[in-house]
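structure-v4.txt, holding compact mmCIF, C-alpha atoms:
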# COMPACT_ATOMS: atom_id res chain seq x y z
CA MET A 1 -23.47 14.30 -39.21
CA ILE A 2 -22.42 17.91 -39.47
CA GLY A 3 -23.76 20.47 -37.07
CA ARG A 4 -22.95 24.07 -36.22
CA ASP A 5 -22.36 25.54 -32.83
CA LEU A 6 -24.31 28.57 -31.67
CA ASP A 7 -22.13 31.24 -33.25
CA GLY A 8 -21.53 29.28 -36.48
CA THR A 9 -17.71 29.38 -36.36
CA HIS A 10 -17.10 25.68 -35.80
CA GLU A 11 -18.54 22.52 -37.25
CA ARG A 12 -18.85 19.25 -35.43
CA LEU A 13 -17.58 16.25 -37.36
CA GLY A 14 -18.36 12.67 -36.49
CA ASN A 15 -21.39 10.56 -35.85
CA GLY A 16 -23.10 13.02 -33.53
CA LEU A 17 -21.79 11.46 -30.33
CA PRO A 18 -20.22 13.67 -27.65
CA HIS A 19 -16.70 12.59 -28.61
CA GLY A 20 -16.88 14.22 -32.05
CA ARG A 21 -14.29 16.96 -32.77
CA TRP A 22 -14.97 20.66 -33.27
CA VAL A 23 -12.98 21.99 -36.20
CA PRO A 24 -12.57 25.63 -37.19
CA ARG A 25 -14.08 26.44 -40.59
CA ILE A 26 -10.82 28.08 -41.60
CA ALA A 27 -9.12 24.65 -41.51
CA GLU A 28 -11.35 23.46 -44.34
CA ALA A 29 -10.03 26.14 -46.62
CA SER A 30 -6.33 25.72 -45.74
CA LYS A 31 -4.87 22.75 -47.57
CA ILE A 32 -1.20 21.93 -47.26
CA ALA A 33 1.12 20.48 -49.86
CA GLY A 34 0.19 16.82 -49.39
CA GLY A 35 -3.40 17.47 -50.17
CA CYS A 36 -4.64 16.92 -46.65
CA GLN A 37 -6.18 19.56 -44.49
CA LEU A 38 -4.11 21.16 -41.76
CA TRP A 39 -6.19 19.74 -38.92
CA GLN A 40 -5.84 16.24 -40.38
CA CYS A 41 -2.05 16.53 -40.41
CA VAL A 42 -2.01 17.91 -36.88
CA ALA A 43 -4.17 14.96 -35.81
CA LEU A 44 -1.56 12.59 -37.25
CA VAL A 45 1.25 13.89 -35.00
CA PRO A 46 0.20 11.95 -31.86
CA ARG A 47 -0.32 8.81 -33.93
CA VAL A 48 3.14 9.06 -35.52
CA ALA A 49 4.71 9.73 -32.13
CA ALA A 50 2.95 6.69 -30.69
CA LEU A 51 4.15 4.52 -33.56
CA LEU A 52 7.73 5.72 -33.04
CA ALA A 53 7.49 5.12 -29.30
CA ILE A 54 6.49 1.45 -29.65
CA PRO A 55 9.93 0.21 -30.85
CA VAL A 56 11.62 2.28 -28.14
CA LEU A 57 9.40 0.79 -25.46
CA LEU A 58 9.96 -2.72 -26.79
CA ALA A 59 13.73 -2.19 -26.81
CA CYS A 60 13.66 -0.91 -23.23
CA SER A 61 11.25 -3.51 -21.91
CA ARG A 62 12.19 -5.31 -18.74
CA VAL A 63 13.41 -8.86 -19.08
CA ASP A 64 12.61 -11.16 -16.19
CA PRO A 65 15.68 -12.62 -14.50
CA PRO A 66 16.05 -16.37 -14.57
CA SER A 67 13.96 -18.14 -11.98
CA VAL A 68 15.58 -18.99 -8.69
CA THR A 69 15.54 -22.58 -7.58
CA PRO A 70 14.02 -23.05 -4.15
CA ALA A 71 16.28 -23.79 -1.23
CA THR A 72 16.16 -27.01 0.68
CA PRO A 73 13.51 -27.06 3.39
CA LEU A 74 14.56 -26.18 6.91
CA PRO A 75 14.78 -29.08 9.29
CA ALA A 76 12.17 -29.39 12.02
CA ASP A 77 13.01 -28.05 15.45
CA PRO A 78 14.52 -30.70 17.68
CA GLU A 79 12.19 -32.40 20.10
CA ILE A 80 12.25 -30.77 23.54
CA ALA A 81 12.77 -33.17 26.39
CA LEU A 82 9.64 -32.65 28.46
CA GLU A 83 9.01 -33.84 31.96
CA SER A 84 5.60 -35.09 32.97
CA MET A 85 2.56 -32.83 32.83
CA GLN A 86 2.61 -32.43 36.60
CA VAL A 87 6.29 -31.41 36.74
CA GLU A 88 5.98 -28.91 33.85
CA CYS A 89 2.83 -27.30 35.26
CA ASP A 90 4.31 -27.12 38.75
CA GLY A 91 7.27 -25.33 37.12
CA LEU A 92 4.84 -22.74 35.73
CA VAL A 93 3.38 -22.11 39.20
CA GLY A 94 6.93 -21.74 40.55
CA ALA A 95 7.83 -19.29 37.76
CA LEU A 96 4.74 -17.21 38.56
CA ALA A 97 5.69 -17.16 42.24
CA ALA A 98 9.24 -16.05 41.33
CA TYR A 99 7.85 -13.29 39.09
CA LYS A 100 5.70 -12.06 41.97
CA THR A 101 8.83 -11.44 44.09
CA CYS A 102 10.19 -8.85 41.62
CA GLU A 103 10.57 -5.54 43.43
CA ASN A 104 9.70 -3.49 40.31
CA LEU A 105 6.15 -4.86 40.04
CA GLU A 106 3.28 -2.59 40.92
CA ASP A 107 0.77 -3.62 43.60
CA GLU A 108 -1.94 -4.19 41.01
CA ASP A 109 0.35 -6.59 39.10
CA LYS A 110 1.09 -8.53 42.30
CA ALA A 111 -2.64 -8.91 42.99
CA ASP A 112 -3.16 -10.16 39.43
CA LEU A 113 -0.36 -12.69 39.92
CA ASP A 114 -2.03 -13.99 43.09
CA ASP A 115 -5.17 -14.63 41.04
CA TRP A 116 -3.17 -16.33 38.27
CA ILE A 117 -1.39 -18.62 40.72
CA GLU A 118 -4.67 -19.57 42.40
CA ALA A 119 -6.36 -20.30 39.05
CA ALA A 120 -3.37 -22.31 37.81
CA ASN A 121 -3.31 -24.45 40.94
CA ARG A 122 -7.06 -25.09 40.68
CA ASN A 123 -6.87 -25.98 36.94
CA PHE A 124 -3.83 -28.22 37.31
CA ALA A 125 -5.44 -30.09 40.21
CA ALA A 126 -8.53 -30.69 38.07
CA SER A 127 -6.42 -31.93 35.14
CA ARG A 128 -4.52 -34.35 37.41
CA LYS A 129 -7.81 -35.69 38.73
CA ALA A 130 -9.19 -36.13 35.18
CA ASN A 131 -6.07 -38.08 34.12
CA PRO A 132 -6.09 -37.18 30.37
CA GLU A 133 -4.70 -39.53 27.73
CA PRO A 134 -0.92 -39.47 27.05
CA ASN A 135 -1.12 -37.25 23.93
CA ALA A 136 -3.22 -34.69 25.81
CA GLN A 137 -0.79 -34.81 28.75
CA LYS A 138 2.10 -34.14 26.35
CA THR A 139 0.24 -31.18 24.82
CA ILE A 140 -0.53 -29.75 28.26
CA ALA A 141 3.10 -30.22 29.30
CA GLN A 142 4.26 -28.36 26.16
CA ALA A 143 1.89 -25.49 26.90
CA CYS A 144 3.10 -25.30 30.51
CA ARG A 145 6.75 -25.30 29.33
CA LYS A 146 6.06 -22.51 26.85
CA ALA A 147 4.26 -20.44 29.49
CA THR A 148 7.08 -21.10 31.99
CA GLU A 149 9.68 -19.77 29.53
CA SER A 150 7.53 -16.69 28.91
CA VAL A 151 7.16 -15.97 32.64
CA LYS A 152 10.93 -16.41 33.13
CA ALA A 153 11.56 -13.82 30.40
CA ALA A 154 9.06 -11.46 32.04
CA THR A 155 10.90 -11.90 35.35
CA GLU A 156 14.19 -10.89 33.71
CA ARG A 157 12.56 -7.80 32.17
CA CYS A 158 11.07 -6.89 35.54
CA LYS A 159 14.41 -7.15 37.29
CA ALA A 160 15.95 -4.82 34.69
CA GLY A 161 13.86 -1.89 35.91
CA PRO A 162 10.36 -0.55 36.39
CA ARG A 163 7.91 -0.47 33.52
CA PRO A 164 7.86 2.88 31.68
CA LYS A 165 4.95 5.14 32.51
CA VAL A 166 2.42 5.61 29.72
CA PHE A 167 0.18 8.66 29.81
CA ASP A 168 -3.24 8.46 28.22

Starting from the coordinates I provided, produce the structure as structure tokens.
Amino acid sequence: MIGRDLDGTHERLGNGLPHGRWVPRIAEASKIAGGCQLWQCVALVPRVAALLAIPVLLACSRVDPPSVTPATPLPADPEIALESMQVECDGLVGALAAYKTCENLEDEDKADLDDWIEAANRNFAASRKANPEPNAQKTIAQACRKATESVKAATERCKAGPRPKVFD
């Protein structure tokens, strides 16, 4: 389909869709040596450049390095020698009491620790009374050991100096 724009200086070539090209009328009259029109030869330049770029891109393409064989799996952590549930949980209460004696704690933190110690004593007394099965006792003992180590680390940090002030 050929159509003219409003001033008649360009023609639209193509099937009438919006992607058709507008070509100056002068290009129809100017033929170059090969028998093609000037605009046709100019349109070939990007195609020729693309065809020349393909071998260059293929020559410069990235080659994947050889695959790496996986390492041997890490061994499991050694089993920690745990005491009974009662001993481990009593150790947690003792660690909380030792943390409360740190001179760098604020009054609010000391009040919170009093509540934690009271709640821990109440919960551990209830668990002793319930007498859970051995696997559950081992799991509770592991949790108490982990919490005891955490409280000991917090005690060391507290002894190092007061907590930095944060302004809101």

As a ChimeraX atom specification, please: the residues near segment 82-94 of chain A (cut-off 7 Å, all atoms listed in the file, same-chain neighbours under 6 positions excluded).
/A:117,120,137-138,140-141,144-145,147-148

Taking only C-alpha atoms into account, name the residue in A:Ala49, A:Ala154, A:Ala119, A:Val166 that is nearest to Cys102 of chain A.
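Once distances to Cys102 of chain A are computed over only C-alpha atoms, the minimum belongs to A:Ala154.
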
Considering only C-alpha atoms, state which residue in the set A:Ala95, A:Ala136, A:Val48, A:Leu74 is at the smallest distance from Trp116 of chain A.
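Looking at the shortest contact to Trp116 of chain A, the residue is A:Ala95.
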
Counting all atoms listed in the file, which of A:Thr155, A:Pro78, A:Pro164, A:Ile54 gets nearest to Ala97 of chain A?
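Between A:Thr155, A:Pro78, A:Pro164, A:Ile54, the residue approaching Ala97 of chain A most closely is A:Thr155.
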
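Between atom CA of Asn121 of chain A and atom CA of Ala81 of chain A the interatomic distance comes to 23.4 Å.
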
Quote the spacing between atom CA of Ala76 of chain A and atom CA of Glu149 of chain A in Å to one decimal place.
20.1 Å

Rank A:Val45, A:Leu96, A:Leu105, A:Leu51 by their smallest atom-to-atom distance to Lys159 of chain A, using only C-alpha atoms, and report the top residue only.
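Between A:Val45, A:Leu96, A:Leu105, A:Leu51, the residue approaching Lys159 of chain A most closely is A:Leu105.
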
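Using all atoms listed in the file, the shortest contact distance between Glu106 of chain A and any of A:Gly161, A:Pro75, A:Pro70, A:Pro134 is found at A:Gly161.
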
At what distance in Å, to one decimal, does atom CA of Val151 of chain A lie from atom CA of Asp115 of chain A?
15.0 Å

Add whatever atoms are absent from segment 104-134 of chain A to reach N, CA and C atoms, and provide the output as a PDB file, in the frame of the given file.
ATOM      1  N   ASN A 104      10.161  -4.551  41.209  1.00  0.00           N
ATOM      2  CA  ASN A 104       9.700  -3.490  40.310  1.00  0.00           C
ATOM      3  C   ASN A 104       8.232  -3.645  39.900  1.00  0.00           C
ATOM      4  N   LEU A 105       7.570  -4.684  40.367  1.00  0.00           N
ATOM      5  CA  LEU A 105       6.150  -4.860  40.040  1.00  0.00           C
ATOM      6  C   LEU A 105       5.302  -3.887  40.836  1.00  0.00           C
ATOM      7  N   GLU A 106       4.226  -3.453  40.223  1.00  0.00           N
ATOM      8  CA  GLU A 106       3.280  -2.590  40.920  1.00  0.00           C
ATOM      9  C   GLU A 106       2.325  -3.466  41.739  1.00  0.00           C
ATOM     10  N   ASP A 107       1.669  -2.874  42.709  1.00  0.00           N
ATOM     11  CA  ASP A 107       0.770  -3.620  43.600  1.00  0.00           C
ATOM     12  C   ASP A 107      -0.360  -4.299  42.822  1.00  0.00           C
ATOM     13  N   GLU A 108      -0.861  -3.625  41.817  1.00  0.00           N
ATOM     14  CA  GLU A 108      -1.940  -4.190  41.010  1.00  0.00           C
ATOM     15  C   GLU A 108      -1.458  -5.453  40.287  1.00  0.00           C
ATOM     16  N   ASP A 109      -0.210  -5.415  39.771  1.00  0.00           N
ATOM     17  CA  ASP A 109       0.350  -6.590  39.100  1.00  0.00           C
ATOM     18  C   ASP A 109       0.511  -7.755  40.071  1.00  0.00           C
ATOM     19  N   LYS A 110       0.927  -7.473  41.305  1.00  0.00           N
ATOM     20  CA  LYS A 110       1.090  -8.530  42.300  1.00  0.00           C
ATOM     21  C   LYS A 110      -0.252  -9.161  42.650  1.00  0.00           C
ATOM     22  N   ALA A 111      -1.299  -8.366  42.722  1.00  0.00           N
ATOM     23  CA  ALA A 111      -2.640  -8.910  42.990  1.00  0.00           C
ATOM     24  C   ALA A 111      -3.095  -9.781  41.821  1.00  0.00           C
ATOM     25  N   ASP A 112      -2.808  -9.344  40.601  1.00  0.00           N
ATOM     26  CA  ASP A 112      -3.160 -10.160  39.430  1.00  0.00           C
ATOM     27  C   ASP A 112      -2.405 -11.488  39.456  1.00  0.00           C
ATOM     28  N   LEU A 113      -1.142 -11.454  39.848  1.00  0.00           N
ATOM     29  CA  LEU A 113      -0.360 -12.690  39.920  1.00  0.00           C
ATOM     30  C   LEU A 113      -0.908 -13.646  40.966  1.00  0.00           C
ATOM     31  N   ASP A 114      -1.391 -13.128  42.086  1.00  0.00           N
ATOM     32  CA  ASP A 114      -2.030 -13.990  43.090  1.00  0.00           C
ATOM     33  C   ASP A 114      -3.218 -14.729  42.471  1.00  0.00           C
ATOM     34  N   ASP A 115      -4.019 -14.012  41.701  1.00  0.00           N
ATOM     35  CA  ASP A 115      -5.170 -14.630  41.040  1.00  0.00           C
ATOM     36  C   ASP A 115      -4.732 -15.681  40.026  1.00  0.00           C
ATOM     37  N   TRP A 116      -3.672 -15.390  39.265  1.00  0.00           N
ATOM     38  CA  TRP A 116      -3.170 -16.330  38.270  1.00  0.00           C
ATOM     39  C   TRP A 116      -2.664 -17.607  38.937  1.00  0.00           C
ATOM     40  N   ILE A 117      -1.936 -17.451  40.024  1.00  0.00           N
ATOM     41  CA  ILE A 117      -1.390 -18.620  40.720  1.00  0.00           C
ATOM     42  C   ILE A 117      -2.524 -19.475  41.279  1.00  0.00           C
ATOM     43  N   GLU A 118      -3.525 -18.837  41.859  1.00  0.00           N
ATOM     44  CA  GLU A 118      -4.670 -19.570  42.400  1.00  0.00           C
ATOM     45  C   GLU A 118      -5.408 -20.322  41.300  1.00  0.00           C
ATOM     46  N   ALA A 119      -5.653 -19.656  40.163  1.00  0.00           N
ATOM     47  CA  ALA A 119      -6.360 -20.300  39.050  1.00  0.00           C
ATOM     48  C   ALA A 119      -5.531 -21.440  38.461  1.00  0.00           C
ATOM     49  N   ALA A 120      -4.217 -21.250  38.352  1.00  0.00           N
ATOM     50  CA  ALA A 120      -3.370 -22.310  37.810  1.00  0.00           C
ATOM     51  C   ALA A 120      -3.380 -23.529  38.716  1.00  0.00           C
ATOM     52  N   ASN A 121      -3.267 -23.323  40.008  1.00  0.00           N
ATOM     53  CA  ASN A 121      -3.310 -24.450  40.940  1.00  0.00           C
ATOM     54  C   ASN A 121      -4.634 -25.199  40.852  1.00  0.00           C
ATOM     55  N   ARG A 122      -5.733 -24.478  40.781  1.00  0.00           N
ATOM     56  CA  ARG A 122      -7.060 -25.090  40.680  1.00  0.00           C
ATOM     57  C   ARG A 122      -7.182 -25.896  39.386  1.00  0.00           C
ATOM     58  N   ASN A 123      -6.742 -25.308  38.240  1.00  0.00           N
ATOM     59  CA  ASN A 123      -6.870 -25.980  36.940  1.00  0.00           C
ATOM     60  C   ASN A 123      -5.952 -27.199  36.858  1.00  0.00           C
ATOM     61  N   PHE A 124      -4.746 -27.096  37.388  1.00  0.00           N
ATOM     62  CA  PHE A 124      -3.830 -28.220  37.310  1.00  0.00           C
ATOM     63  C   PHE A 124      -4.289 -29.365  38.206  1.00  0.00           C
ATOM     64  N   ALA A 125      -4.897 -29.052  39.351  1.00  0.00           N
ATOM     65  CA  ALA A 125      -5.440 -30.090  40.210  1.00  0.00           C
ATOM     66  C   ALA A 125      -6.590 -30.826  39.516  1.00  0.00           C
ATOM     67  N   ALA A 126      -7.426 -30.070  38.804  1.00  0.00           N
ATOM     68  CA  ALA A 126      -8.530 -30.690  38.070  1.00  0.00           C
ATOM     69  C   ALA A 126      -8.007 -31.566  36.932  1.00  0.00           C
ATOM     70  N   SER A 127      -6.950 -31.128  36.241  1.00  0.00           N
ATOM     71  CA  SER A 127      -6.420 -31.930  35.140  1.00  0.00           C
ATOM     72  C   SER A 127      -5.740 -33.198  35.667  1.00  0.00           C
ATOM     73  N   ARG A 128      -5.121 -33.139  36.833  1.00  0.00           N
ATOM     74  CA  ARG A 128      -4.520 -34.350  37.410  1.00  0.00           C
ATOM     75  C   ARG A 128      -5.616 -35.354  37.787  1.00  0.00           C
ATOM     76  N   LYS A 129      -6.707 -34.829  38.313  1.00  0.00           N
ATOM     77  CA  LYS A 129      -7.810 -35.690  38.730  1.00  0.00           C
ATOM     78  C   LYS A 129      -8.466 -36.342  37.511  1.00  0.00           C
ATOM     79  N   ALA A 130      -8.554 -35.608  36.393  1.00  0.00           N
ATOM     80  CA  ALA A 130      -9.190 -36.130  35.180  1.00  0.00           C
ATOM     81  C   ALA A 130      -8.324 -37.182  34.498  1.00  0.00           C
ATOM     82  N   ASN A 131      -7.018 -37.150  34.716  1.00  0.00           N
ATOM     83  CA  ASN A 131      -6.070 -38.080  34.120  1.00  0.00           C
ATOM     84  C   ASN A 131      -6.260 -38.201  32.596  1.00  0.00           C
ATOM     85  N   PRO A 132      -5.902 -37.141  31.833  1.00  0.00           N
ATOM     86  CA  PRO A 132      -6.090 -37.180  30.370  1.00  0.00           C
ATOM     87  C   PRO A 132      -5.185 -38.236  29.724  1.00  0.00           C
ATOM     88  N   GLU A 133      -5.492 -38.542  28.471  1.00  0.00           N
ATOM     89  CA  GLU A 133      -4.700 -39.530  27.730  1.00  0.00           C
ATOM     90  C   GLU A 133      -3.283 -39.008  27.504  1.00  0.00           C
ATOM     91  N   PRO A 134      -2.325 -39.879  27.153  1.00  0.00           N
ATOM     92  CA  PRO A 134      -0.920 -39.470  27.050  1.00  0.00           C
ATOM     93  C   PRO A 134      -0.664 -38.329  26.052  1.00  0.00           C
TER      94      PRO A 134
END
